[in-house]
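input-v2.pdb, holding PDB, C-alpha atoms and all ligand atoms:
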ATOM      1  CA  MET A   8      20.325  77.022 -26.340
ATOM      2  CA  GLU A   9      20.126  76.450 -22.616
ATOM      3  CA  VAL A  10      21.950  73.507 -21.134
ATOM      4  CA  ILE A  11      20.141  72.272 -18.048
ATOM      5  CA  CYS A  12      21.405  69.522 -15.780
ATOM      6  CA  SER A  13      19.072  69.674 -12.818
ATOM      7  CA  PRO A  14      15.623  68.008 -13.114
ATOM      8  CA  VAL A  15      14.155  70.719 -10.859
ATOM      9  CA  GLU A  16      15.467  73.484 -13.121
ATOM     10  CA  MET A  17      14.244  71.618 -16.176
ATOM     11  CA  THR A  18      10.714  71.489 -14.755
ATOM     12  CA  ALA A  19      10.844  75.175 -13.824
ATOM     13  CA  TRP A  20      11.952  76.012 -17.401
ATOM     14  CA  SER A  21       9.074  73.996 -18.886
ATOM     15  CA  ASN A  22       6.542  75.400 -16.413
ATOM     16  CA  LYS A  23       7.357  78.913 -17.649
ATOM     17  CA  LYS A  24       6.770  77.949 -21.280
ATOM     18  CA  ILE A  25       3.566  76.101 -20.444
ATOM     19  CA  ALA A  26       2.282  79.119 -18.468
ATOM     20  CA  GLN A  27       2.803  81.200 -21.618
ATOM     21  CA  GLY A  28       0.581  78.727 -23.508
ATOM     22  CA  LYS A  29       3.519  77.414 -25.571
ATOM     23  CA  ILE A  30       3.829  73.922 -27.070
ATOM     24  CA  VAL A  31       6.848  72.061 -25.711
ATOM     25  CA  SER A  32       8.240  69.012 -27.493
ATOM     26  CA  LEU A  33      10.723  66.469 -26.193
ATOM     27  CA  VAL A  34      13.239  64.416 -28.159
ATOM     28  CA  PRO A  35      14.586  61.786 -25.724
ATOM     29  CA  THR A  36      18.082  60.535 -26.672
ATOM     30  CA  MET A  37      21.136  58.825 -25.276
ATOM     31  CA  GLY A  38      23.390  61.220 -27.179
ATOM     32  CA  TYR A  39      26.222  60.709 -29.670
ATOM     33  CA  PHE A  40      24.063  62.454 -32.217
ATOM     34  CA  HIS A  41      23.851  61.416 -35.840
ATOM     35  CA  GLU A  42      21.677  62.660 -38.671
ATOM     36  CA  GLY A  43      18.794  60.478 -37.395
ATOM     37  CA  HIS A  44      18.707  62.406 -34.101
ATOM     38  CA  LEU A  45      19.025  65.736 -35.904
ATOM     39  CA  ARG A  46      16.024  64.928 -38.084
ATOM     40  CA  LEU A  47      13.939  64.233 -34.963
ATOM     41  CA  MET A  48      14.986  67.638 -33.597
ATOM     42  CA  ARG A  49      14.163  69.351 -36.907
ATOM     43  CA  TYR A  50      10.781  67.659 -37.029
ATOM     44  CA  ALA A  51      10.035  68.687 -33.422
ATOM     45  CA  LYS A  52      11.007  72.277 -34.277
ATOM     46  CA  THR A  53       8.365  72.419 -37.021
ATOM     47  CA  LYS A  54       5.623  71.159 -34.688
ATOM     48  CA  SER A  55       6.224  73.019 -31.433
ATOM     49  CA  ASP A  56       7.258  76.374 -29.974
ATOM     50  CA  PHE A  57      10.085  74.967 -27.837
ATOM     51  CA  VAL A  58      12.185  71.855 -28.335
ATOM     52  CA  VAL A  59      13.821  70.074 -25.411
ATOM     53  CA  VAL A  60      16.352  67.333 -26.188
ATOM     54  CA  SER A  61      17.247  65.047 -23.318
ATOM     55  CA  LEU A  62      20.648  63.382 -23.360
ATOM     56  CA  PHE A  63      20.997  60.636 -20.818
ATOM     57  CA  VAL A  64      22.671  57.244 -21.182
ATOM     58  CA  ASN A  65      20.133  55.459 -19.055
ATOM     59  CA  PRO A  66      21.979  52.777 -17.057
ATOM     60  CA  ILE A  67      18.864  50.834 -16.070
ATOM     61  CA  GLN A  68      17.956  49.882 -19.633
ATOM     62  CA  PHE A  69      21.240  48.013 -20.165
ATOM     63  CA  GLY A  70      21.499  44.390 -19.052
ATOM     64  CA  PRO A  71      24.602  42.755 -17.554
ATOM     65  CA  GLY A  72      27.229  42.243 -20.277
ATOM     66  CA  GLU A  73      25.622  44.824 -22.588
ATOM     67  CA  ASP A  74      27.414  47.914 -23.895
ATOM     68  CA  LEU A  75      26.741  50.484 -21.127
ATOM     69  CA  SER A  76      30.452  50.886 -20.309
ATOM     70  CA  ARG A  77      31.433  51.488 -23.940
ATOM     71  CA  TYR A  78      28.372  53.434 -25.090
ATOM     72  CA  PRO A  79      29.795  56.319 -27.179
ATOM     73  CA  VAL A  80      29.782  59.777 -25.590
ATOM     74  CA  ASP A  81      30.819  63.153 -27.052
ATOM     75  CA  LEU A  82      29.092  65.892 -25.090
ATOM     76  CA  ASP A  83      30.876  68.846 -26.727
ATOM     77  CA  ARG A  84      29.965  67.676 -30.213
ATOM     78  CA  ASP A  85      26.366  66.895 -29.174
ATOM     79  CA  ARG A  86      26.030  70.345 -27.632
ATOM     80  CA  MET A  87      27.299  71.993 -30.789
ATOM     81  CA  LEU A  88      25.000  69.940 -33.049
ATOM     82  CA  ALA A  89      21.890  70.541 -30.927
ATOM     83  CA  ASP A  90      22.648  74.264 -30.823
ATOM     84  CA  LYS A  91      22.946  74.324 -34.630
ATOM     85  CA  GLU A  92      19.493  72.696 -34.857
ATOM     86  CA  MET A  93      18.073  75.575 -32.784
ATOM     87  CA  VAL A  94      17.138  73.266 -29.924
ATOM     88  CA  ASP A  95      15.872  75.438 -27.058
ATOM     89  CA  ALA A  96      17.025  73.337 -24.118
ATOM     90  CA  LEU A  97      19.440  70.432 -23.857
ATOM     91  CA  PHE A  98      18.674  68.474 -20.710
ATOM     92  CA  ILE A  99      21.680  66.451 -19.499
ATOM     93  CA  PRO A 100      20.789  65.015 -16.094
ATOM     94  CA  ASP A 101      23.164  63.108 -13.903
ATOM     95  CA  ALA A 102      22.398  59.480 -13.033
ATOM     96  CA  LYS A 103      22.474  60.345  -9.311
ATOM     97  CA  ASP A 104      19.709  62.923  -9.844
ATOM     98  CA  MET A 105      17.602  60.602 -12.002
ATOM     99  CA  TYR A 106      18.053  57.643  -9.654
ATOM    100  CA  PRO A 107      18.943  58.998  -6.215
ATOM    101  CA  GLU A 108      19.675  56.600  -3.391
ATOM    102  CA  GLY A 109      16.495  54.831  -2.402
ATOM    103  CA  PHE A 110      14.922  55.116  -5.857
ATOM    104  CA  ASN A 111      12.628  52.141  -5.933
ATOM    105  CA  THR A 112       9.995  52.492  -8.635
ATOM    106  CA  GLN A 113       9.625  50.784 -11.979
ATOM    107  CA  ILE A 114       7.168  51.248 -14.798
ATOM    108  CA  GLN A 115       6.392  47.976 -16.539
ATOM    109  CA  VAL A 116       4.229  47.539 -19.618
ATOM    110  CA  SER A 117       3.320  43.907 -20.196
ATOM    111  CA  GLY A 118       2.168  42.187 -23.404
ATOM    112  CA  VAL A 119       3.938  44.135 -26.102
ATOM    113  CA  THR A 120       7.255  43.920 -24.187
ATOM    114  CA  GLU A 121       7.213  40.125 -24.042
ATOM    115  CA  THR A 122       8.451  39.456 -27.551
ATOM    116  CA  LEU A 123      11.325  40.483 -29.892
ATOM    117  CA  CYS A 124      13.848  42.729 -28.042
ATOM    118  CA  GLY A 125      11.902  42.274 -24.796
ATOM    119  CA  ARG A 126      12.588  38.540 -24.964
ATOM    120  CA  SER A 127      16.271  38.858 -25.809
ATOM    121  CA  ARG A 128      16.951  41.790 -23.447
ATOM    122  CA  PRO A 129      15.120  40.981 -20.192
ATOM    123  CA  GLY A 130      14.387  44.116 -18.160
ATOM    124  CA  HIS A 131      15.340  46.443 -21.023
ATOM    125  CA  PHE A 132      11.879  47.895 -21.535
ATOM    126  CA  ILE A 133      11.324  48.411 -17.814
ATOM    127  CA  GLY A 134      14.403  50.619 -17.928
ATOM    128  CA  VAL A 135      13.106  52.459 -20.984
ATOM    129  CA  THR A 136       9.581  53.075 -19.687
ATOM    130  CA  THR A 137      10.845  54.082 -16.258
ATOM    131  CA  VAL A 138      13.205  56.707 -17.656
ATOM    132  CA  VAL A 139      10.731  57.957 -20.272
ATOM    133  CA  ALA A 140       8.062  58.303 -17.560
ATOM    134  CA  LYS A 141      10.510  60.348 -15.501
ATOM    135  CA  LEU A 142      11.434  62.496 -18.506
ATOM    136  CA  PHE A 143       7.754  63.136 -19.234
ATOM    137  CA  ASN A 144       7.182  64.202 -15.633
ATOM    138  CA  ILE A 145      10.251  66.427 -15.553
ATOM    139  CA  VAL A 146       9.867  68.078 -18.983
ATOM    140  CA  LYS A 147       6.038  67.956 -19.199
ATOM    141  CA  PRO A 148       6.073  67.918 -23.014
ATOM    142  CA  ASN A 149       2.954  68.215 -25.178
ATOM    143  CA  MET A 150       4.581  65.865 -27.669
ATOM    144  CA  ALA A 151       7.571  63.534 -27.834
ATOM    145  CA  VAL A 152       9.369  62.295 -30.938
ATOM    146  CA  PHE A 153      10.964  58.842 -31.227
ATOM    147  CA  GLY A 154      12.619  57.095 -34.178
ATOM    148  CA  ARG A 155      10.829  54.155 -35.784
ATOM    149  CA  LYS A 156      14.022  52.101 -35.919
ATOM    150  CA  ASP A 157      13.215  51.111 -32.326
ATOM    151  CA  PHE A 158       9.770  50.068 -33.433
ATOM    152  CA  GLN A 159       8.988  48.007 -30.363
ATOM    153  CA  GLN A 160      10.133  50.816 -28.062
ATOM    154  CA  LEU A 161       7.699  53.137 -29.826
ATOM    155  CA  ALA A 162       4.850  50.627 -29.387
ATOM    156  CA  VAL A 163       5.709  50.175 -25.697
ATOM    157  CA  ILE A 164       5.774  53.932 -25.054
ATOM    158  CA  ARG A 165       2.483  54.437 -26.894
ATOM    159  CA  LYS A 166       0.926  51.738 -24.698
ATOM    160  CA  MET A 167       2.309  53.283 -21.503
ATOM    161  CA  VAL A 168       0.954  56.716 -22.471
ATOM    162  CA  GLN A 169      -2.439  55.258 -23.353
ATOM    163  CA  ASP A 170      -2.694  53.105 -20.221
ATOM    164  CA  LEU A 171      -1.579  55.905 -17.886
ATOM    165  CA  ASP A 172      -3.767  58.582 -19.567
ATOM    166  CA  TRP A 173      -0.760  60.750 -20.287
ATOM    167  CA  ASP A 174      -1.588  63.829 -22.325
ATOM    168  CA  VAL A 175       1.503  63.559 -24.548
ATOM    169  CA  SER A 176       1.326  62.969 -28.322
ATOM    170  CA  ILE A 177       3.789  60.293 -29.330
ATOM    171  CA  ILE A 178       5.251  60.792 -32.793
ATOM    172  CA  GLY A 179       7.094  58.026 -34.635
ATOM    173  CA  HIS A 180       9.622  59.483 -37.075
ATOM    174  CA  PRO A 181      10.608  57.449 -40.176
ATOM    175  CA  ILE A 182      13.937  55.621 -40.051
ATOM    176  CA  VAL A 183      16.851  57.703 -41.309
ATOM    177  CA  ARG A 184      19.308  55.652 -43.360
ATOM    178  CA  GLU A 185      22.866  55.964 -44.620
ATOM    179  CA  GLU A 186      23.245  56.107 -48.400
ATOM    180  CA  ASP A 187      23.619  52.324 -48.644
ATOM    181  CA  GLY A 188      20.513  51.744 -46.508
ATOM    182  CA  LEU A 189      22.013  51.034 -43.075
ATOM    183  CA  ALA A 190      19.692  52.526 -40.446
ATOM    184  CA  MET A 191      21.513  55.266 -38.543
ATOM    185  CA  SER A 192      22.419  54.353 -34.975
ATOM    186  CA  SER A 193      24.974  55.505 -32.432
ATOM    187  CA  ARG A 194      26.002  51.838 -32.207
ATOM    188  CA  ASN A 195      27.156  51.844 -35.857
ATOM    189  CA  SER A 196      30.286  53.536 -34.503
ATOM    190  CA  TYR A 197      31.311  50.180 -32.942
ATOM    191  CA  LEU A 198      31.588  48.504 -36.360
ATOM    192  CA  THR A 199      34.995  47.806 -37.918
ATOM    193  CA  SER A 200      35.219  48.655 -41.617
ATOM    194  CA  SER A 201      34.561  45.068 -42.689
ATOM    195  CA  GLU A 202      31.649  44.749 -40.218
ATOM    196  CA  ARG A 203      30.290  48.028 -41.585
ATOM    197  CA  LYS A 204      30.146  46.441 -45.048
ATOM    198  CA  THR A 205      28.365  43.388 -43.628
ATOM    199  CA  ALA A 206      25.876  45.605 -41.777
ATOM    200  CA  ILE A 207      24.103  46.328 -45.057
ATOM    201  CA  CYS A 208      22.631  42.809 -44.608
ATOM    202  CA  LEU A 209      19.759  44.187 -42.508
ATOM    203  CA  PHE A 210      18.416  46.606 -45.097
ATOM    204  CA  SER A 211      19.243  44.181 -47.929
ATOM    205  CA  SER A 212      17.089  41.575 -46.161
ATOM    206  CA  ILE A 213      14.190  44.024 -45.991
ATOM    207  CA  GLN A 214      14.537  44.732 -49.703
ATOM    208  CA  TYR A 215      14.889  41.028 -50.436
ATOM    209  CA  ALA A 216      11.682  40.309 -48.496
ATOM    210  CA  ARG A 217       9.857  43.124 -50.308
ATOM    211  CA  ASN A 218      10.867  41.706 -53.704
ATOM    212  CA  LYS A 219       9.841  38.177 -52.764
ATOM    213  CA  PHE A 220       6.518  39.419 -51.410
ATOM    214  CA  ALA A 221       5.880  41.499 -54.553
ATOM    215  CA  GLN A 222       6.452  38.351 -56.651
ATOM    216  CA  ASN A 223       4.043  36.257 -54.572
ATOM    217  CA  LYS A 224       1.706  37.975 -52.111
ATOM    218  CA  HIS A 225       0.317  34.603 -50.988
ATOM    219  CA  VAL A 226       3.610  33.157 -49.831
ATOM    220  CA  ALA A 227       3.382  31.576 -46.358
ATOM    221  CA  PRO A 228       5.100  33.659 -43.641
ATOM    222  CA  SER A 229       7.188  30.631 -42.576
ATOM    223  CA  SER A 230       8.604  30.059 -46.076
ATOM    224  CA  LEU A 231       9.358  33.748 -46.582
ATOM    225  CA  LEU A 232      11.135  33.755 -43.204
ATOM    226  CA  ASP A 233      13.189  30.708 -44.202
ATOM    227  CA  GLU A 234      14.217  32.479 -47.398
ATOM    228  CA  ILE A 235      15.162  35.674 -45.556
ATOM    229  CA  LYS A 236      17.177  33.703 -43.000
ATOM    230  CA  SER A 237      19.169  31.880 -45.704
ATOM    231  CA  PHE A 238      19.663  35.191 -47.503
ATOM    232  CA  ILE A 239      21.092  36.926 -44.431
ATOM    233  CA  GLN A 240      23.209  33.935 -43.492
ATOM    234  CA  GLY A 241      24.931  34.391 -46.857
ATOM    235  CA  PHE A 242      26.693  37.385 -45.240
ATOM    236  CA  ASN A 243      29.797  36.436 -43.255
ATOM    237  CA  GLY A 244      29.801  36.829 -39.487
ATOM    238  CA  VAL A 245      26.106  37.550 -38.948
ATOM    239  CA  ASN A 246      24.374  35.989 -35.951
ATOM    240  CA  ILE A 247      20.615  36.180 -36.056
ATOM    241  CA  GLU A 248      18.961  37.110 -32.771
ATOM    242  CA  TYR A 249      15.485  37.239 -34.278
ATOM    243  CA  ILE A 250      13.848  37.731 -37.641
ATOM    244  CA  GLN A 251      10.059  37.857 -37.543
ATOM    245  CA  LEU A 252       7.094  38.924 -39.628
ATOM    246  CA  VAL A 253       4.684  40.693 -37.299
ATOM    247  CA  ASN A 254       1.515  42.717 -37.155
ATOM    248  CA  GLN A 255       2.645  46.285 -36.663
ATOM    249  CA  GLU A 256      -0.014  47.035 -34.047
ATOM    250  CA  THR A 257       0.298  43.967 -31.823
ATOM    251  CA  LEU A 258       3.847  42.883 -32.769
ATOM    252  CA  GLU A 259       2.514  39.304 -32.868
ATOM    253  CA  ASN A 260       3.659  36.901 -35.585
ATOM    254  CA  VAL A 261       1.258  36.901 -38.538
ATOM    255  CA  ASN A 262      -0.421  33.843 -40.073
ATOM    256  CA  ALA A 263      -0.821  35.512 -43.459
ATOM    257  CA  LEU A 264       1.090  38.346 -45.070
ATOM    258  CA  ASP A 265      -0.212  41.683 -46.296
ATOM    259  CA  ASP A 266       1.262  45.042 -47.275
ATOM    260  CA  ASN A 267       1.258  46.152 -43.621
ATOM    261  CA  THR A 268       3.164  43.163 -42.307
ATOM    262  CA  LEU A 269       6.351  44.341 -40.645
ATOM    263  CA  LEU A 270       9.657  42.524 -41.009
ATOM    264  CA  VAL A 271      11.651  43.021 -37.796
ATOM    265  CA  LEU A 272      15.254  41.977 -37.394
ATOM    266  CA  ALA A 273      17.914  41.925 -34.690
ATOM    267  CA  VAL A 274      21.335  40.555 -35.569
ATOM    268  CA  LYS A 275      24.799  40.604 -34.093
ATOM    269  CA  ILE A 276      27.739  41.510 -36.279
ATOM    270  CA  GLY A 277      30.829  40.797 -34.224
ATOM    271  CA  LYS A 278      29.998  42.275 -30.818
ATOM    272  CA  THR A 279      27.556  44.834 -32.184
ATOM    273  CA  ARG A 280      23.837  44.262 -31.965
ATOM    274  CA  LEU A 281      21.842  46.002 -34.710
ATOM    275  CA  ILE A 282      18.098  46.217 -35.292
ATOM    276  CA  ASP A 283      15.995  47.300 -38.253
ATOM    277  CA  ASN A 284      12.462  46.950 -39.579
ATOM    278  CA  GLY A 285      10.383  47.659 -42.631
ATOM    279  CA  LEU A 286       6.922  47.023 -44.034
ATOM    280  CA  LEU A 287       6.656  44.378 -46.747
ATOM    281  CA  TYR A 288       5.250  47.046 -49.012
ATOM    282  CA  ASP A 289       7.141  50.312 -48.773
ATOM    283  CA  GLY A 290       4.578  52.367 -50.632
ATOM    284  CA  VAL A 291       6.917  53.312 -53.471
TER     285      VAL A 291
HETATM  286  O1  LIG A 301      15.954  55.284 -27.883
HETATM  287  C1  LIG A 301      16.725  55.731 -26.994
HETATM  288  O2  LIG A 301      17.721  56.415 -27.280
HETATM  289  C2  LIG A 301      16.443  55.410 -25.535
HETATM  290  O3  LIG A 301      15.902  54.143 -25.397
HETATM  291  C3  LIG A 301      15.542  56.470 -24.852
HETATM  292  C4  LIG A 301      14.162  56.516 -25.469
HETATM  293  C5  LIG A 301      16.208  57.834 -24.953
HETATM  294  C6  LIG A 301      15.379  56.117 -23.375
HETATM  295  O4  LIG A 301      16.594  56.075 -22.721
END
For this file, write the structure as structure tokens.
Ligand code: PAF
Amino acid sequence: MEVICSPVEMTAWSNKKIAQGKIVSLVPTMGYFHEGHLRLMRYAKTKSDFVVVSLFVNPIQFGPGEDLSRYPVDLDRDRMLADKEMVDALFIPDAKDMYPEGFNTQIQVSGVTETLCGRSRPGHFIGVTTVVAKLFNIVKPNMAVFGRKDFQQLAVIRKMVQDLDWDVSIIGHPIVREEDGLAMSSRNSYLTSSERKTAICLFSSIQYARNKFAQNKHVAPSSLLDEIKSFIQGFNGVNIEYIQLVNQETLENVNALDDNTLLVLAVKIGKTRLIDNGLLYDGV
């Protein structure tokens, strides 16, 4: 595996592969790899000739008071894990190369960014789309793989690629969960052992909603939401940021439920913000 830090060298590396007619995939990450990241890498490996993983804790997608300064980092471990997954290039740029002095451009997708995480984290998606646009220009991938846990992020990136006529296939990989159902996330490492037990409340709420919906498919979205909120509030120390039932294409609240309605949740457990989502019918 090659470890590349300079954007210019990264582009030169990709240009060579592209000139040979090879398919290059990109897995954008902020590092501190867990099984969820590794699955994205494995998936990319099956679909392309060369896999590039970017590892960059993107400062501009964190708001004031968020967890940028404590975001977990373990470069040696990440390097070892990516190498084991047969990743071809690990791209670890420096913030000063990504955002040199005088950098003054932002990519902003409107509409789909104005709800859910976009509402509670102002500016977050501008940071995400700006860095992903830069990564696409530097790495020039044919395809890019993102986890579906960040469902809104995936929708925002799809919209950016569509609106800007980018020739990159965007793949949404299913959520990878711990044995008890907690969606894998680098931020799970912040949880104390008692918070970790409480964190099951997100997946339990999805299962609870699925059961309620299976019992009565005509239940009004507002009453199902009330039930889910009381269910989750039964767990100690959970602060709801949002819980919504949305259309998975538009991310708008639905007036009536169907199998494809998506339950999306963001909660705080102690100081840790966790998100999750799931369709009301999981197809099983
Ligand atoms: O999902 C993430 O880890 C980040 O938001 C991404 C896509 C790597 C951009 O920094």
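Summary of the local environment: counting only C-alpha atoms, residues at most 10 Å from Asp233 in chain A, other than itself and those fewer than 5 positions away along its chain, are A:Pro228, A:Phe238, A:Ile250.
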Each chain A residue no farther than 9 Å from ligand LIG 301 (chain A), nearest pair in Å, all atoms listed in the file, as CSV:
residue,atom,partner,partner_atom,distance
A:Val34,CA,A:LIG301,C5,7.9
A:Pro35,CA,A:LIG301,C5,4.3
A:Thr36,CA,A:LIG301,C5,3.7
A:Met37,CA,A:LIG301,O2,4.6
A:Gly38,CA,A:LIG301,O2,7.4
A:Ser61,CA,A:LIG301,C5,7.5
A:Leu62,CA,A:LIG301,C5,7.3
A:Phe63,CA,A:LIG301,O4,6.6
A:Val64,CA,A:LIG301,O4,6.4
A:Asn65,CA,A:LIG301,O4,5.1
A:Pro66,CA,A:LIG301,O4,8.5
A:Ile67,CA,A:LIG301,O4,8.8
A:Gln68,CA,A:LIG301,O4,7.1
A:His131,CA,A:LIG301,O3,8.9
A:Phe132,CA,A:LIG301,O3,8.4
A:Gly134,CA,A:LIG301,O4,7.6
A:Val135,CA,A:LIG301,C6,4.9
A:Thr136,CA,A:LIG301,C6,7.5
A:Thr137,CA,A:LIG301,C6,8.7
A:Val138,CA,A:LIG301,O4,6.1
A:Val139,CA,A:LIG301,C6,5.9
A:Leu142,CA,A:LIG301,C6,8.9
A:Phe153,CA,A:LIG301,O1,7.0
A:Gly154,CA,A:LIG301,O1,7.4
A:Lys156,CA,A:LIG301,O1,8.9
A:Asp157,CA,A:LIG301,O1,6.7
A:Gln160,CA,A:LIG301,O3,7.2
A:Leu161,CA,A:LIG301,C4,8.5
A:Ile164,CA,A:LIG301,C4,8.8
A:Ser193,CA,A:LIG301,O2,8.9
Suppose we keep C-alpha atoms; can you now write the selection as a PDB file, in the coordinates of the input?
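Below is the file that was written, out30.pdb:
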ATOM      1  CA  VAL A  34      13.239  64.416 -28.159  1.00  0.00           C
ATOM      2  CA  PRO A  35      14.586  61.786 -25.724  1.00  0.00           C
ATOM      3  CA  THR A  36      18.082  60.535 -26.672  1.00  0.00           C
ATOM      4  CA  MET A  37      21.136  58.825 -25.276  1.00  0.00           C
ATOM      5  CA  GLY A  38      23.390  61.220 -27.179  1.00  0.00           C
ATOM      6  CA  SER A  61      17.247  65.047 -23.318  1.00  0.00           C
ATOM      7  CA  LEU A  62      20.648  63.382 -23.360  1.00  0.00           C
ATOM      8  CA  PHE A  63      20.997  60.636 -20.818  1.00  0.00           C
ATOM      9  CA  VAL A  64      22.671  57.244 -21.182  1.00  0.00           C
ATOM     10  CA  ASN A  65      20.133  55.459 -19.055  1.00  0.00           C
ATOM     11  CA  PRO A  66      21.979  52.777 -17.057  1.00  0.00           C
ATOM     12  CA  ILE A  67      18.864  50.834 -16.070  1.00  0.00           C
ATOM     13  CA  GLN A  68      17.956  49.882 -19.633  1.00  0.00           C
ATOM     14  CA  HIS A 131      15.340  46.443 -21.023  1.00  0.00           C
ATOM     15  CA  PHE A 132      11.879  47.895 -21.535  1.00  0.00           C
ATOM     16  CA  GLY A 134      14.403  50.619 -17.928  1.00  0.00           C
ATOM     17  CA  VAL A 135      13.106  52.459 -20.984  1.00  0.00           C
ATOM     18  CA  THR A 136       9.581  53.075 -19.687  1.00  0.00           C
ATOM     19  CA  THR A 137      10.845  54.082 -16.258  1.00  0.00           C
ATOM     20  CA  VAL A 138      13.205  56.707 -17.656  1.00  0.00           C
ATOM     21  CA  VAL A 139      10.731  57.957 -20.272  1.00  0.00           C
ATOM     22  CA  LEU A 142      11.434  62.496 -18.506  1.00  0.00           C
ATOM     23  CA  PHE A 153      10.964  58.842 -31.227  1.00  0.00           C
ATOM     24  CA  GLY A 154      12.619  57.095 -34.178  1.00  0.00           C
ATOM     25  CA  LYS A 156      14.022  52.101 -35.919  1.00  0.00           C
ATOM     26  CA  ASP A 157      13.215  51.111 -32.326  1.00  0.00           C
ATOM     27  CA  GLN A 160      10.133  50.816 -28.062  1.00  0.00           C
ATOM     28  CA  LEU A 161       7.699  53.137 -29.826  1.00  0.00           C
ATOM     29  CA  ILE A 164       5.774  53.932 -25.054  1.00  0.00           C
ATOM     30  CA  SER A 193      24.974  55.505 -32.432  1.00  0.00           C
TER      31      SER A 193
END
- Item | Output of the PyMOL selection byres (((chain A and resi 232) around 12) and not hetatm), listed as number ranges by chain | A: 212-213, 215-217, 219-220, 226-231, 233-239, 249-253, 260-262, 264, 269-272
- Task: Name the residues within 10 Å of (7.2, 69.6, -31.4), counting all atoms listed in the file in the file's coordinates, and put them as a VMD selection string.
- Result: chain A and resid 30 to 34 47 to 59 148 to 152 176 178
- Task: Would you work out the distance separating CA of Met8 in chain A from CA of Met93 in chain A, expressed in Å to one decimal?
- Result: 7.0 Å
Excluding same-chain residues fewer than 2 positions from Asp81 in chain A, what lies within 9 Å of it counting all atoms listed in the file, as a PDB file with C-alpha atoms, keeping the file's coordinate frame?
ATOM      1  CA  GLY A  38      23.390  61.220 -27.179  1.00  0.00           C
ATOM      2  CA  TYR A  39      26.222  60.709 -29.670  1.00  0.00           C
ATOM      3  CA  PHE A  40      24.063  62.454 -32.217  1.00  0.00           C
ATOM      4  CA  PRO A  79      29.795  56.319 -27.179  1.00  0.00           C
ATOM      5  CA  ASP A  83      30.876  68.846 -26.727  1.00  0.00           C
ATOM      6  CA  ARG A  84      29.965  67.676 -30.213  1.00  0.00           C
ATOM      7  CA  ASP A  85      26.366  66.895 -29.174  1.00  0.00           C
ATOM      8  CA  ARG A  86      26.030  70.345 -27.632  1.00  0.00           C
TER       9      ARG A  86
END
- One decimal, Å: what's the distance from CA of Lys275 in chain A over to CA of Gly244 in chain A, could you say?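 Between these atoms lies a distance of 8.3 Å.
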- Task: Mind giving me the straight-line distance from CA of Gln115 in chain A to CA of Ala96 in chain A in Å, one decimal?
- Result: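 We find that CA of Gln115 in chain A and CA of Ala96 in chain A lie 28.5 Å from each other.
Within the 12 Å cut-off around Gly290 in chain A, using all atoms listed in the file and omitting residues fewer than 6 positions from it on the same chain, the listed residues are Arg217, Ala221, Asp266 and Asn267 of chain A.
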Please write as an mmCIF file with C-alpha atoms, in the coordinates of the input the full residue list that the PyMOL selection byres (((chain A and resi 210) around 8) and not hetatm) yields on this file.
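File produced: expr_24.cif:
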data_model
loop_
_atom_site.group_PDB
_atom_site.id
_atom_site.type_symbol
_atom_site.label_atom_id
_atom_site.label_comp_id
_atom_site.auth_asym_id
_atom_site.auth_seq_id
_atom_site.Cartn_x
_atom_site.Cartn_y
_atom_site.Cartn_z
ATOM 1 C CA GLY A 188 20.513 51.744 -46.508
ATOM 2 C CA LEU A 189 22.013 51.034 -43.075
ATOM 3 C CA ALA A 190 19.692 52.526 -40.446
ATOM 4 C CA ILE A 207 24.103 46.328 -45.057
ATOM 5 C CA CYS A 208 22.631 42.809 -44.608
ATOM 6 C CA LEU A 209 19.759 44.187 -42.508
ATOM 7 C CA SER A 211 19.243 44.181 -47.929
ATOM 8 C CA SER A 212 17.089 41.575 -46.161
ATOM 9 C CA ILE A 213 14.190 44.024 -45.991
ATOM 10 C CA GLN A 214 14.537 44.732 -49.703
ATOM 11 C CA ASP A 283 15.995 47.300 -38.253
#
